[in-house]
Amino acid sequence: MIDNSYEAVMSRKNEIMKKSVGVDYQKYEIHGIAFDYEKMLSDSGYPIEKIRQIQLETGVGNTQLVELKNINRLIKKISPKGKGARIYVKDEATNPSGSFKDRRASVSVYRAKELGFKGVIAATSGNYGAAVASQAAKKGLKSIIVQECYDSRGVGQPEILEKQRACEAYGAEVLQLSVGPELFYYFLRLLEDTGYFNASLYTPFGIAGVETLGYEIAEQSIRQFGRYPDAVAITHAGGGNLTGTARGLKKAGAKDTKIIGVSVDLKGLHMASDRDFNKKSFTTGHTGFGVPFAVFPDRADVPRNAARSLRYMDRYILVTQGEVFYVTEMLANMEGLLRGPAGNTSLAGAIALATEMNEDQIIVVNETEYTGAGKLPSAQLTFARHNGIEIRTGDPLKEDIPGKNIVIPSSPGLMGFTEYPLQSIRKSYLKQAVNKYGTKDFSDIELEFISEDINIGVEKVKEYLKEIAL
Amino acid sequence: MQNEKQFFPKGSLVQICFTGLRPEERTANLPEDTRKVPLEIRVKGFLKDESACIGQEVSVETVTGREVKGKMIAVNPKYEHNFGEPVPELILAVNKLQEIMKGDFDD
């Protein structure tokens, strides 16, 4: 009889992973913290031409890059003289299941089919579930989606309940769990029981699938405005959106484009708390994922995470829930695009940034996502009100308290952001590394790896390490 | 409302709930509120028992063909998430943008 206790299943993690992902992660280990990231991505992914072909065959990608002309006029009106960059948005909602996640899922599901798996499993409460279910449907594979959905009262997050509906509409089996990180434990049990493919968000294929998004942005920018964008704003949670888009931009030649990560600030809310679960109005794109995944990418459901955001991020800025709902309404009312809300996190950041940037500069927002019941400002704010959250207009940057209120900007000039210093994330990364490996005495190879993984020089790594107490 | 005494035949599409981990089996490092409650799992499938009513322990076959056991909590539950209520604060805030734009929209 197989031991299915929490500890026993977790201790079988590596062998379950090896069977279910079809990647021998051991092959890329160097020693200690160091592994060969680029080799893992090039061996286990596919070249970008192949990925474009896979996506063309499943109707994924080639989405429009749309200039937000009215919002851009508004930005000019509220910016100081000479300021007010223009924003273009990549309308990823027009993908088959309504988000950029189709790019990620298309390659994972292709791989699963190629390796002869009968079905795929993904652990996700977000758009990725629908994307996996949709791609699996196209390839004739079965799909199981595992979501964290309910609190202990059995009250589900409306946005996640909508994902359940969408997944079921594409023929998936959906397991809905109450709050807790042990979702991963149950996910492992399912992989073991079914022998299905682990369509993790964090495999080399998943990340390779997003590279086409950055690549298309670079190509369309040249075509539409004659040069690469000055900045690309990317909603940041687990790091895959940012990593894949940035890699694609670089592959296409846009090496100087600044990569701006944007998350919704959910400070003060505990992500594993049963009580806090329904006090938030965003289930992704927030700091509860964004910070821990940047600090320690290998917390993911694969031994080595291919999404490593610190390698590519030039700035990390935080916006409030109220601002994201506001720009969602703005996008619908001024541009005729009903999209989001969570995917508009980067748009909120971009508008605030644009007012500080020069008027001849261009920011691309790399995604939109579909809306529906449960997944709209009206649905999510109604739910928030029923959970005792105060909703009002005001100055979000000064008055925002996640879990207590949602402050809609009373004028567009009140849109802003909080800079999250990358230096502090890098230091946290090093603290985690020191804790995990029990040493500050990293080898030259390890120091080289860390330097690349957090995008600072080796000397700087050494300097930061000195500050850490063992 | 589904009558608790009503029996539903084999093949009915039902939702079940079962305990994935009891509170004492859960991982350490959980906030106190979460540690006190079990990890619960809900899934839908077609009833395998000859007949059953809500509250009974049953077996179902899911759409992927797996057999799962748990307490029957609903029969073909409706998708109840909805579009919510329009939010006056949001409508007014966005309306104000029209004043700032003064009709200067893209033509």
# chains A, B, ... in the order shown; residues from 1 in each chain; ligands from 1
>>> interface_residues(of="chain A", to="chain B", cutoff="7 Å", atoms="only C-alpha atoms", output="number ranges by chain")
A: 69-70, 74, 142, 152, 158, 161-162, 173-178, 272-275, 326, 329-330, 373-374, 376, 378-379, 382, 392-393, 408, 410-411
>>> residues_around(residues="A:Ser106", least_positions_apart="3", cutoff="9 Å", atoms="only C-alpha atoms", output="list in words")
Ile51, Ile54, Gln55, Thr58, Val60, Lys101, Asp102, Arg103, Val109, Tyr110, Arg111, Ala131, Val132, Ser134, Gln135, Ala136, Phe205, Gly206 and Gly209 of chain A
>>> write_last_selection(atoms="C-alpha atoms", output="tab-separated table (two decimals), in the first residue's frame")
chain	number	residue	atom	x	y	z
A	51	ILE	CA	7.07	27.55	-31.32
A	54	ILE	CA	3.00	25.21	-32.98
A	55	GLN	CA	1.08	28.35	-32.02
A	58	THR	CA	-3.56	26.16	-32.60
A	60	VAL	CA	-2.45	31.18	-30.60
A	101	LYS	CA	-1.55	31.91	-21.12
A	102	ASP	CA	-2.48	30.10	-24.33
A	103	ARG	CA	1.09	30.69	-25.46
A	109	VAL	CA	0.41	20.44	-24.35
A	110	TYR	CA	2.31	19.93	-27.61
A	111	ARG	CA	5.15	18.43	-25.58
A	131	ALA	CA	-5.55	27.74	-21.54
A	132	VAL	CA	-4.41	24.20	-20.70
A	134	SER	CA	-8.42	24.59	-24.35
A	135	GLN	CA	-5.12	23.37	-25.81
A	136	ALA	CA	-5.73	19.84	-24.46
A	205	PHE	CA	8.39	24.81	-22.62
A	206	GLY	CA	6.01	27.10	-20.78
A	209	GLY	CA	5.85	29.64	-25.28
>>> select_by_dssp(residues="stretch 230-438 of chain A", states="strand (DSSP E or B)", output="number ranges by chain")
A: 231-235, 258-264, 286, 315-319, 358, 362-365, 372, 375, 390-394, 405-409, 418-419
>>> closest_residue(among="A:Glu446, A:Glu114, A:Asp453, A:Asp441", to="A:Ile425", atoms="only C-alpha atoms")
A:Asp453
>>> atom_distance(atom1="atom CA of A:Phe325", atom2="atom CA of A:Pro341")
6.3 Å
>>> residues_around(residues="A:Ile363", least_positions_apart="5", cutoff="9 Å", atoms="only C-alpha atoms", output="ChimeraX atom specification")
/A:85-89,229-233,350,353-354
>>> select_by_dssp(residues="stretch 139-337 of chain A", states="alpha helix (DSSP H)", output="ChimeraX atom specification")
/A:139,158-169,183-194,204-225,240-252,287-295,321-335
>>> atom_distance(atom1="atom CA of A:Lys138", atom2="atom CA of A:Pro47")
22.0 Å
